[in-house]
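One file, query09.txt, carrying compact mmCIF, C-alpha atoms and all ligand atoms:
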```
# COMPACT_ATOMS: atom_id res chain seq x y z
CA MET A 1 19.40 -50.29 -4.22
CA LYS A 2 16.06 -52.08 -4.00
CA ALA A 3 14.14 -52.94 -7.18
CA VAL A 4 11.21 -55.08 -8.27
CA LEU A 5 12.43 -57.74 -10.66
CA PHE A 6 11.62 -61.19 -12.02
CA GLU A 7 13.86 -64.13 -12.91
CA GLU A 8 11.31 -66.01 -15.04
CA HIS A 9 8.26 -64.97 -17.04
CA GLY A 10 4.88 -65.73 -15.51
CA GLY A 11 2.02 -64.39 -13.40
CA PRO A 12 2.17 -61.41 -11.02
CA GLU A 13 3.67 -63.65 -8.31
CA VAL A 14 7.05 -63.76 -10.14
CA LEU A 15 7.60 -60.10 -9.20
CA HIS A 16 9.63 -59.59 -6.03
CA LEU A 17 11.60 -56.92 -4.26
CA ALA A 18 15.35 -57.61 -4.31
CA GLU A 19 18.78 -55.94 -4.18
CA ALA A 20 20.06 -54.76 -7.56
CA PRO A 21 23.31 -53.00 -8.49
CA ASP A 22 23.34 -49.22 -8.11
CA PRO A 23 23.41 -47.53 -11.55
CA THR A 24 26.23 -45.17 -12.55
CA PRO A 25 25.78 -42.42 -15.14
CA GLY A 26 27.43 -42.90 -18.55
CA PRO A 27 28.20 -40.02 -20.95
CA GLY A 28 25.10 -37.88 -21.46
CA GLU A 29 23.30 -39.62 -18.58
CA VAL A 30 22.11 -38.74 -15.10
CA VAL A 31 21.19 -41.00 -12.21
CA VAL A 32 17.76 -40.24 -10.75
CA GLU A 33 16.68 -41.22 -7.24
CA ILE A 34 13.17 -42.35 -8.07
CA HIS A 35 10.33 -41.05 -5.91
CA ALA A 36 7.48 -42.50 -8.00
CA ALA A 37 7.15 -44.85 -10.98
CA SER A 38 4.00 -45.79 -12.84
CA VAL A 39 2.52 -49.10 -13.96
CA ASN A 40 1.78 -49.25 -17.69
CA ALA A 41 -0.25 -51.93 -19.47
CA ALA A 42 2.90 -52.92 -21.36
CA ASP A 43 4.50 -54.00 -18.07
CA TYR A 44 2.34 -57.07 -17.49
CA LYS A 45 2.79 -58.07 -21.15
CA VAL A 46 6.60 -57.98 -20.75
CA ARG A 47 6.32 -59.88 -17.46
CA GLN A 48 4.36 -62.56 -19.30
CA GLY A 49 7.03 -62.76 -22.01
CA GLY A 50 5.42 -60.66 -24.75
CA GLY A 51 4.60 -57.01 -25.30
CA ALA A 52 7.04 -54.84 -27.15
CA TYR A 53 9.76 -57.39 -26.46
CA SER A 54 8.12 -60.42 -28.09
CA GLY A 55 10.59 -62.18 -30.33
CA GLY A 56 13.81 -60.91 -28.79
CA GLY A 57 12.72 -61.15 -25.15
CA VAL A 58 14.35 -59.43 -22.19
CA ARG A 59 17.53 -60.49 -20.37
CA LEU A 60 16.55 -62.01 -17.02
CA PRO A 61 16.50 -60.98 -14.24
CA HIS A 62 14.65 -57.93 -15.53
CA ILE A 63 13.48 -54.70 -13.88
CA LEU A 64 10.23 -53.38 -15.40
CA GLY A 65 9.01 -49.77 -15.46
CA ARG A 66 8.99 -47.18 -18.25
CA ASP A 67 8.26 -43.86 -16.52
CA PHE A 68 9.20 -42.17 -13.27
CA SER A 69 9.70 -38.97 -11.34
CA GLY A 70 12.53 -38.23 -8.93
CA VAL A 71 15.62 -36.16 -8.11
CA VAL A 72 18.96 -36.15 -9.93
CA SER A 73 21.63 -37.69 -7.66
CA ALA A 74 24.59 -37.98 -10.07
CA VAL A 75 25.53 -36.39 -13.40
CA GLY A 76 27.65 -38.08 -16.07
CA PRO A 77 30.06 -36.48 -18.54
CA ASP A 78 28.60 -34.22 -21.27
CA VAL A 79 25.47 -33.21 -19.35
CA ALA A 80 25.16 -29.43 -19.24
CA ASP A 81 21.51 -28.80 -18.49
CA LEU A 82 20.76 -30.86 -15.36
CA GLU A 83 22.33 -30.73 -11.90
CA VAL A 84 22.32 -32.83 -8.74
CA GLY A 85 19.16 -31.90 -6.82
CA ASP A 86 16.99 -31.14 -9.87
CA ALA A 87 13.50 -32.66 -9.70
CA VAL A 88 12.90 -34.42 -13.03
CA PHE A 89 10.50 -36.84 -14.67
CA GLY A 90 10.50 -38.82 -17.86
CA VAL A 91 10.14 -41.98 -19.89
CA CYS A 92 12.84 -44.56 -20.61
CA ASP A 93 14.14 -44.82 -24.17
CA GLN A 94 12.52 -47.37 -26.52
CA GLY A 95 13.60 -50.87 -25.50
CA VAL A 96 14.87 -49.74 -22.08
CA GLU A 97 13.11 -50.30 -18.74
CA GLY A 98 14.02 -50.20 -15.07
CA ALA A 99 11.87 -47.67 -13.23
CA TYR A 100 10.45 -50.12 -10.64
CA ALA A 101 13.54 -49.27 -8.60
CA GLU A 102 15.06 -46.79 -6.18
CA LYS A 103 17.42 -45.40 -8.87
CA ILE A 104 17.80 -45.31 -12.64
CA ALA A 105 20.46 -44.09 -15.09
CA ILE A 106 18.89 -42.31 -18.06
CA LYS A 107 19.82 -40.02 -20.96
CA ALA A 108 19.49 -36.45 -19.70
CA ALA A 109 18.25 -35.24 -23.10
CA ILE A 110 14.99 -37.23 -22.94
CA ILE A 111 13.82 -36.18 -19.46
CA ALA A 112 12.39 -32.86 -18.25
CA LYS A 113 12.41 -30.74 -15.10
CA LYS A 114 9.38 -31.38 -12.89
CA PRO A 115 7.46 -28.27 -11.84
CA ALA A 116 6.63 -27.89 -8.14
CA ARG A 117 2.89 -27.83 -8.89
CA LEU A 118 3.09 -31.49 -9.96
CA SER A 119 3.89 -34.08 -7.25
CA HIS A 120 6.29 -36.91 -8.08
CA VAL A 121 3.36 -39.34 -8.09
CA GLU A 122 1.41 -37.14 -10.52
CA ALA A 123 4.43 -36.59 -12.79
CA ALA A 124 5.10 -40.34 -12.98
CA ALA A 125 1.41 -40.92 -13.75
CA MET A 126 1.48 -38.42 -16.61
CA ALA A 127 4.83 -39.15 -18.28
CA LEU A 128 4.27 -42.03 -20.73
CA THR A 129 0.51 -41.45 -20.97
CA SER A 130 0.90 -37.81 -22.05
CA LEU A 131 3.77 -38.59 -24.41
CA THR A 132 1.73 -41.32 -26.10
CA ALA A 133 -1.46 -39.25 -26.36
CA LEU A 134 0.43 -36.23 -27.73
CA TRP A 135 2.19 -38.30 -30.39
CA ALA A 136 -1.11 -40.01 -31.25
CA LEU A 137 -3.47 -37.03 -31.49
CA GLU A 138 -1.24 -34.05 -32.34
CA ASP A 139 1.61 -35.55 -34.37
CA THR A 140 -0.13 -38.55 -35.95
CA ALA A 141 -3.91 -37.92 -36.20
CA LYS A 142 -3.34 -34.15 -36.51
CA LEU A 143 -6.71 -33.68 -34.80
CA LYS A 144 -8.43 -30.40 -35.77
CA PRO A 145 -11.01 -28.14 -34.09
CA GLY A 146 -14.56 -29.17 -34.95
CA GLU A 147 -13.66 -32.82 -35.63
CA THR A 148 -15.32 -35.74 -33.84
CA ILE A 149 -13.12 -38.35 -32.18
CA LEU A 150 -14.09 -41.68 -30.61
CA ILE A 151 -11.63 -42.67 -27.89
CA GLN A 152 -11.74 -46.37 -27.02
CA GLY A 153 -11.03 -47.29 -23.39
CA GLY A 154 -11.77 -43.81 -21.98
CA ALA A 155 -11.00 -44.57 -18.32
CA GLY A 156 -7.48 -45.89 -18.98
CA GLY A 157 -4.17 -44.09 -18.60
CA VAL A 158 -3.42 -42.99 -22.16
CA ALA A 159 -7.09 -42.47 -23.07
CA GLY A 160 -7.69 -40.30 -20.00
CA PHE A 161 -5.03 -37.85 -21.13
CA ALA A 162 -6.22 -38.13 -24.75
CA ILE A 163 -9.79 -37.11 -23.82
CA GLN A 164 -8.54 -33.92 -22.14
CA LEU A 165 -6.18 -33.16 -25.03
CA ALA A 166 -8.80 -33.77 -27.73
CA LYS A 167 -11.27 -31.49 -25.97
CA HIS A 168 -8.60 -28.80 -25.60
CA LEU A 169 -7.84 -29.09 -29.34
CA GLY A 170 -11.48 -28.27 -30.04
CA ALA A 171 -12.76 -31.73 -30.99
CA THR A 172 -16.02 -33.32 -29.85
CA VAL A 173 -15.08 -36.37 -27.79
CA ILE A 174 -17.03 -39.61 -27.59
CA ALA A 175 -15.54 -42.30 -25.33
CA THR A 176 -16.28 -45.90 -24.39
CA ALA A 177 -16.18 -47.05 -20.75
CA SER A 178 -18.02 -49.35 -18.38
CA ALA A 179 -20.78 -47.72 -16.31
CA ASN A 180 -18.79 -47.21 -13.10
CA ASN A 181 -16.28 -45.06 -15.03
CA HIS A 182 -18.81 -42.80 -16.79
CA ASP A 183 -18.68 -39.89 -14.32
CA TYR A 184 -14.88 -39.98 -14.44
CA VAL A 185 -14.73 -39.98 -18.25
CA ARG A 186 -17.31 -37.16 -18.50
CA GLN A 187 -15.36 -35.10 -16.01
CA LEU A 188 -12.26 -35.54 -18.23
CA GLY A 189 -14.16 -33.90 -21.09
CA ALA A 190 -16.08 -36.54 -23.04
CA ALA A 191 -19.32 -35.10 -24.43
CA ARG A 192 -20.79 -38.58 -24.78
CA VAL A 193 -19.88 -41.85 -23.05
CA ILE A 194 -20.97 -45.24 -24.35
CA ASP A 195 -21.29 -48.17 -21.97
CA TYR A 196 -19.60 -50.80 -24.12
CA THR A 197 -20.93 -53.55 -21.86
CA LYS A 198 -24.53 -52.67 -22.85
CA GLU A 199 -24.28 -51.12 -26.33
CA ASP A 200 -22.26 -51.93 -29.43
CA PHE A 201 -20.55 -48.59 -30.15
CA SER A 202 -20.42 -49.43 -33.86
CA LYS A 203 -24.23 -49.40 -33.99
CA VAL A 204 -24.74 -46.09 -32.17
CA VAL A 205 -21.79 -43.98 -33.37
CA ALA A 206 -21.15 -42.86 -36.96
CA ASP A 207 -19.24 -40.30 -39.04
CA CYS A 208 -16.20 -39.91 -36.81
CA ASP A 209 -13.16 -38.12 -38.19
CA VAL A 210 -10.81 -40.04 -35.91
CA VAL A 211 -10.88 -43.15 -33.74
CA PHE A 212 -8.13 -43.49 -31.14
CA ASP A 213 -7.99 -47.16 -30.15
CA THR A 214 -6.31 -47.95 -26.81
CA VAL A 215 -8.16 -51.26 -26.40
CA GLY A 216 -7.42 -53.30 -29.54
CA GLY A 217 -8.70 -56.73 -30.56
CA ASP A 218 -12.33 -56.89 -31.69
CA VAL A 219 -12.80 -53.24 -30.65
CA GLN A 220 -10.38 -52.20 -33.38
CA ILE A 221 -12.13 -54.32 -36.02
CA ARG A 222 -15.50 -52.67 -35.23
CA SER A 223 -13.91 -49.20 -35.09
CA TYR A 224 -13.75 -49.10 -38.91
CA ASP A 225 -17.56 -48.96 -39.01
CA VAL A 226 -17.78 -45.56 -37.31
CA LEU A 227 -15.30 -43.62 -39.49
CA LYS A 228 -16.41 -41.23 -42.22
CA PRO A 229 -14.68 -41.55 -45.62
CA GLY A 230 -11.18 -40.07 -45.28
CA GLY A 231 -11.21 -40.68 -41.51
CA ARG A 232 -8.18 -41.78 -39.48
CA LEU A 233 -7.84 -44.79 -37.20
CA VAL A 234 -4.93 -44.32 -34.79
CA TRP A 235 -4.10 -47.35 -32.68
CA ILE A 236 -1.74 -48.21 -29.83
CA ALA A 237 -3.24 -51.61 -28.92
CA PRO A 238 -3.19 -54.17 -31.73
CA ALA A 239 -6.02 -55.74 -33.75
CA PRO A 240 -6.16 -59.57 -33.70
CA ALA A 241 -3.22 -61.23 -35.51
CA GLY A 242 -3.83 -61.56 -39.23
CA PHE A 243 -6.64 -58.96 -39.36
CA GLU A 244 -6.64 -56.94 -42.58
CA PRO A 245 -8.35 -53.50 -42.61
CA THR A 246 -11.81 -53.67 -44.15
CA ARG A 247 -11.85 -50.18 -45.66
CA ARG A 248 -9.58 -48.54 -48.21
CA ASP A 249 -11.06 -45.04 -47.73
CA VAL A 250 -9.61 -44.46 -44.25
CA LYS A 251 -6.04 -44.05 -42.99
CA VAL A 252 -4.68 -46.50 -40.42
CA LEU A 253 -1.91 -44.96 -38.35
CA ARG A 254 0.33 -46.12 -35.52
CA PRO A 255 2.15 -43.35 -33.60
CA GLY A 256 5.92 -43.71 -33.22
CA VAL A 257 5.97 -42.41 -29.58
CA ALA A 258 9.63 -41.36 -29.52
CA ARG A 259 10.80 -40.37 -26.06
CA ASP A 260 11.92 -36.77 -25.93
CA ARG A 261 11.96 -33.72 -23.70
CA ALA A 262 9.92 -31.63 -26.16
CA HIS A 263 6.76 -33.70 -25.68
CA LEU A 264 7.10 -33.73 -21.88
CA GLU A 265 7.45 -29.95 -21.97
CA ARG A 266 4.41 -29.70 -24.27
CA MET A 267 2.47 -31.58 -21.57
CA LEU A 268 3.70 -29.06 -18.98
CA VAL A 269 2.47 -26.17 -21.15
CA LEU A 270 -0.98 -27.81 -21.30
CA LEU A 271 -0.90 -28.35 -17.53
CA GLU A 272 0.05 -24.72 -16.91
CA ALA A 273 -2.88 -23.63 -19.12
CA SER A 274 -5.20 -25.94 -17.08
CA ALA A 275 -6.04 -27.79 -20.31
CA VAL A 276 -5.07 -31.08 -18.64
CA SER A 277 -4.82 -32.29 -15.06
CA PRO A 278 -3.48 -35.44 -13.39
CA PRO A 279 -5.60 -38.60 -13.67
CA ALA A 280 -7.20 -40.60 -10.85
CA ILE A 281 -4.28 -42.35 -9.13
CA THR A 282 -4.08 -45.49 -6.99
CA ARG A 283 -0.83 -45.67 -5.01
CA TYR A 284 1.22 -48.77 -4.20
CA LYS A 285 4.48 -49.59 -2.45
CA LEU A 286 7.12 -51.40 -4.51
CA ALA A 287 6.62 -54.41 -2.23
CA ASP A 288 3.02 -54.62 -3.54
CA ALA A 289 4.02 -54.83 -7.22
CA ALA A 290 2.27 -58.20 -7.69
CA GLU A 291 -1.03 -56.72 -6.49
CA ALA A 292 -0.63 -53.67 -8.76
CA HIS A 293 -0.05 -56.02 -11.70
CA ARG A 294 -3.17 -58.04 -10.88
CA VAL A 295 -5.20 -54.83 -11.12
CA SER A 296 -3.45 -53.65 -14.31
CA GLU A 297 -3.85 -57.04 -16.00
CA ALA A 298 -7.58 -57.18 -15.18
CA ARG A 299 -7.86 -54.12 -17.50
CA HIS A 300 -10.61 -52.25 -15.62
CA LEU A 301 -8.69 -49.69 -13.62
CA GLN A 302 -9.44 -45.98 -13.52
CA GLY A 303 -6.59 -43.60 -14.42
CA LYS A 304 -3.19 -44.77 -13.25
CA LEU A 305 -1.48 -47.11 -10.77
CA VAL A 306 1.67 -45.54 -9.31
CA PHE A 307 4.43 -46.83 -7.01
CA GLU A 308 5.33 -44.34 -4.30
CA ILE A 309 8.97 -45.23 -3.72
CA ARG A 310 10.27 -42.44 -1.44
N1 LIG B 1 3.94 -46.55 -27.27
C1 LIG B 1 2.83 -47.21 -27.42
O1 LIG B 1 2.48 -47.66 -28.50
C2 LIG B 1 1.95 -47.41 -26.21
C3 LIG B 1 2.10 -46.59 -25.10
C4 LIG B 1 1.26 -46.75 -24.02
C5 LIG B 1 0.31 -47.77 -24.05
N2 LIG B 1 0.23 -48.59 -25.13
C6 LIG B 1 -0.78 -49.68 -25.17
O2 LIG B 1 -2.06 -49.04 -25.17
C7 LIG B 1 -3.00 -49.81 -24.44
C8 LIG B 1 -3.62 -48.94 -23.35
O3 LIG B 1 -2.64 -48.64 -22.39
P1 LIG B 1 -3.03 -47.94 -21.02
O4 LIG B 1 -1.83 -48.01 -20.14
O5 LIG B 1 -3.66 -46.63 -21.28
O6 LIG B 1 -4.13 -48.98 -20.52
P2 LIG B 1 -4.88 -49.08 -19.11
O7 LIG B 1 -4.73 -47.81 -18.37
O8 LIG B 1 -4.46 -50.33 -18.47
O9 LIG B 1 -6.39 -49.22 -19.65
C9 LIG B 1 -7.32 -49.92 -18.97
C10 LIG B 1 -8.68 -49.34 -19.34
O10 LIG B 1 -9.24 -50.02 -20.46
C11 LIG B 1 -10.65 -49.97 -20.33
N3 LIG B 1 -11.23 -51.05 -21.12
C12 LIG B 1 -10.94 -52.38 -21.04
N4 LIG B 1 -11.65 -53.06 -21.98
C13 LIG B 1 -12.39 -52.13 -22.66
C14 LIG B 1 -13.32 -52.21 -23.74
N5 LIG B 1 -13.62 -53.37 -24.33
N6 LIG B 1 -13.85 -51.05 -24.20
C15 LIG B 1 -13.56 -49.86 -23.63
N7 LIG B 1 -12.72 -49.74 -22.58
C16 LIG B 1 -12.13 -50.86 -22.11
C17 LIG B 1 -10.92 -50.08 -18.86
O11 LIG B 1 -12.06 -49.33 -18.51
P3 LIG B 1 -13.42 -50.02 -18.01
O12 LIG B 1 -13.18 -50.48 -16.62
O13 LIG B 1 -14.40 -48.89 -18.09
O14 LIG B 1 -13.66 -51.18 -18.91
C18 LIG B 1 -9.65 -49.49 -18.21
O15 LIG B 1 -9.88 -48.20 -17.71
C19 LIG B 1 -2.23 -51.03 -23.93
O16 LIG B 1 -2.43 -52.11 -24.83
C20 LIG B 1 -0.79 -50.58 -23.95
O17 LIG B 1 0.13 -51.65 -24.07
C21 LIG B 1 1.01 -48.42 -26.21
```
What is this structure when it is put down as structure tokens?
Amino acid sequence: MKAVLFEEHGGPEVLHLAEAPDPTPGPGEVVVEIHAASVNAADYKVRQGGGAYSGGGVRLPHILGRDFSGVVSAVGPDVADLEVGDAVFGVCDQGVEGAYAEKIAIKAAIIAKKPARLSHVEAAAMALTSLTALWALEDTAKLKPGETILIQGGAGGVAGFAIQLAKHLGATVIATASANNHDYVRQLGAARVIDYTKEDFSKVVADCDVVFDTVGGDVQIRSYDVLKPGGRLVWIAPAPAGFEPTRRDVKVLRPGVARDRAHLERMLVLLEASAVSPPAITRYKLADAAEAHRVSEARHLQGKLVFEIR
């Protein structure tokens, strides 16, 4: 099969299309012929030698890619609920990657059947983003109706799903974004959008119940200023190394984001209820992986970047 891989860490140019061994399904696994796979911000960090793999590192050559949509082409022993021909989508287990490829072997128990109303490109775009936002806002923040949430990085992949989810849960959503993304973020459900390039959000927002930080760095440090006593700061992008929280009267929470079928199916229930819809999507071919990474790494995309593989 063809896959995008790299033999050494570095810039986007280290990514190239090459032949890789065809996967075979182990016990409890299926092989999926991938139709679409998405680019996540973690991917460029792993390519550079960091991200979730810092310390241990990945074995090179390495195939990136954490979420995908496709069709089951082989079923391993002990799989009772999926068959060859089923359209499925999902997210690789923690510490496992390999979706920038024509095929992947994956545990059947952590993927879900893809409904016909969602294209493969849309399902790939929504897999890890929805899983992360659901774990962050429902399981971790336990966001309640009537609460106010500030979502940092509103136009990004995870934040875009989070805005729709928070609004559906009955919260008032404030989001940060640069000016050219304001219409998009409003259309997702933000009641108020702050242009972080012109205004310091920490000076114009106050008394939030929850901040969901998908940006990190200095943005996370300033996020403490807008929380009411007893508020919750939920983060998926880190504060600067060595930073110690400045307030003792708020909770600081990091979602676990386990990969499971239940959360993918929860996303499908929300989709069916028209509470959420697919994000803005820019499509690429696998051969253009380096270009997709340049856009992802620049950190000003709208919605999701997705490889259309078949
Ligand atoms: N399991 C996990 O813990 C988990 C899962 C998924 C993602 N993550 C992490 O979460 C972060 C977000 O991931 P993602 O894939 O959603 O990112 P993404 O889609 O690449 O987000 C890019 C967005 O960030 C916005 N942005 C950049 N700087 C900003 C700033 N200073 N203030 C407000 N918005 C800003 C940009 O909008 P503008 O153009 O408007 O600036 C752009 O839309 C990454 O660090 C990723 O590694 C963690």
Which residues form the shell of 6 Å around ligand LIG 1 (chain B) when you count all atoms listed in the file, given as a list in words?
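What falls inside 6 Å of ligand LIG 1 (chain B) is Asn40, Ala41, Ala42, Thr132, Gln152, Gly153, Ala155, Gly156, Gly157, Val158, Ala159, Thr176, Ala177, Ser178, Asn181, Tyr196, Thr214, Val215, Ile236, Ala237, Val257, Ser296, Arg299, His300, Leu301 and Gln302 of chain A.
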Tell me which residues come within 10 Å of (-14.5, -38.0, -13.9), as JSON, numbers by chain, counting only C-alpha atoms in the file's coordinates.
{"A": [155, 160, 181, 182, 183, 184, 185, 186, 187, 188, 189, 190, 279, 280, 302, 303]}
Residues as selected, C-alpha atoms, written as a PDB file, keeping the file's coordinate frame, can you do that?
```
ATOM      1  CA  ALA A 155     -11.000 -44.570 -18.320  1.00  0.00           C
ATOM      2  CA  GLY A 160      -7.690 -40.300 -20.000  1.00  0.00           C
ATOM      3  CA  ASN A 181     -16.280 -45.060 -15.030  1.00  0.00           C
ATOM      4  CA  HIS A 182     -18.810 -42.800 -16.790  1.00  0.00           C
ATOM      5  CA  ASP A 183     -18.680 -39.890 -14.320  1.00  0.00           C
ATOM      6  CA  TYR A 184     -14.880 -39.980 -14.440  1.00  0.00           C
ATOM      7  CA  VAL A 185     -14.730 -39.980 -18.250  1.00  0.00           C
ATOM      8  CA  ARG A 186     -17.310 -37.160 -18.500  1.00  0.00           C
ATOM      9  CA  GLN A 187     -15.360 -35.100 -16.010  1.00  0.00           C
ATOM     10  CA  LEU A 188     -12.260 -35.540 -18.230  1.00  0.00           C
ATOM     11  CA  GLY A 189     -14.160 -33.900 -21.090  1.00  0.00           C
ATOM     12  CA  ALA A 190     -16.080 -36.540 -23.040  1.00  0.00           C
ATOM     13  CA  PRO A 279      -5.600 -38.600 -13.670  1.00  0.00           C
ATOM     14  CA  ALA A 280      -7.200 -40.600 -10.850  1.00  0.00           C
ATOM     15  CA  GLN A 302      -9.440 -45.980 -13.520  1.00  0.00           C
ATOM     16  CA  GLY A 303      -6.590 -43.600 -14.420  1.00  0.00           C
TER      17      GLY A 303
END
```
Which value, in Å to one decimal, gives the distance between atom CA of Gly216 of chain A and atom CA of Trp235 of chain A?
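Calculated distance between atom CA of Gly216 of chain A and atom CA of Trp235 of chain A is 7.5 Å.
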Selection near Ala127 of chain A, 8 Å with only C-alpha atoms, sequence-local residues under 5 positions removed, as a PyMOL selection string
chain A and resi 67-68+89-91+264
Segment 120-208 of chain A residues near segment 259-263 of chain A within 9 Å, closest pair each, using only C-alpha atoms, as JSON lines:
```
{"residue": "A:Leu128", "atom": "CA", "partner": "A:Arg259", "partner_atom": "CA", "distance": 8.6}
{"residue": "A:Ser130", "atom": "CA", "partner": "A:His263", "partner_atom": "CA", "distance": 8.0}
{"residue": "A:Leu131", "atom": "CA", "partner": "A:His263", "partner_atom": "CA", "distance": 5.9}
{"residue": "A:Leu134", "atom": "CA", "partner": "A:His263", "partner_atom": "CA", "distance": 7.1}
{"residue": "A:Trp135", "atom": "CA", "partner": "A:His263", "partner_atom": "CA", "distance": 8.0}
```
Applying 9 Å and all atoms listed in the file, which residues near segment 250-253 of chain A remain after dropping the ones on its own chain fewer than 4 positions away? List them as a PDB file with C-alpha atoms, in the coordinates of the input.
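So selection_29.pdb came out as:
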```pdb
ATOM      1  CA  ALA A 136      -1.110 -40.010 -31.250  1.00  0.00           C
ATOM      2  CA  THR A 140      -0.130 -38.550 -35.950  1.00  0.00           C
ATOM      3  CA  ALA A 141      -3.910 -37.920 -36.200  1.00  0.00           C
ATOM      4  CA  TYR A 224     -13.750 -49.100 -38.910  1.00  0.00           C
ATOM      5  CA  LEU A 227     -15.300 -43.620 -39.490  1.00  0.00           C
ATOM      6  CA  LYS A 228     -16.410 -41.230 -42.220  1.00  0.00           C
ATOM      7  CA  PRO A 229     -14.680 -41.550 -45.620  1.00  0.00           C
ATOM      8  CA  GLY A 230     -11.180 -40.070 -45.280  1.00  0.00           C
ATOM      9  CA  GLY A 231     -11.210 -40.680 -41.510  1.00  0.00           C
ATOM     10  CA  ARG A 232      -8.180 -41.780 -39.480  1.00  0.00           C
ATOM     11  CA  LEU A 233      -7.840 -44.790 -37.200  1.00  0.00           C
ATOM     12  CA  VAL A 234      -4.930 -44.320 -34.790  1.00  0.00           C
ATOM     13  CA  TRP A 235      -4.100 -47.350 -32.680  1.00  0.00           C
ATOM     14  CA  PRO A 245      -8.350 -53.500 -42.610  1.00  0.00           C
TER      15      PRO A 245
END
```
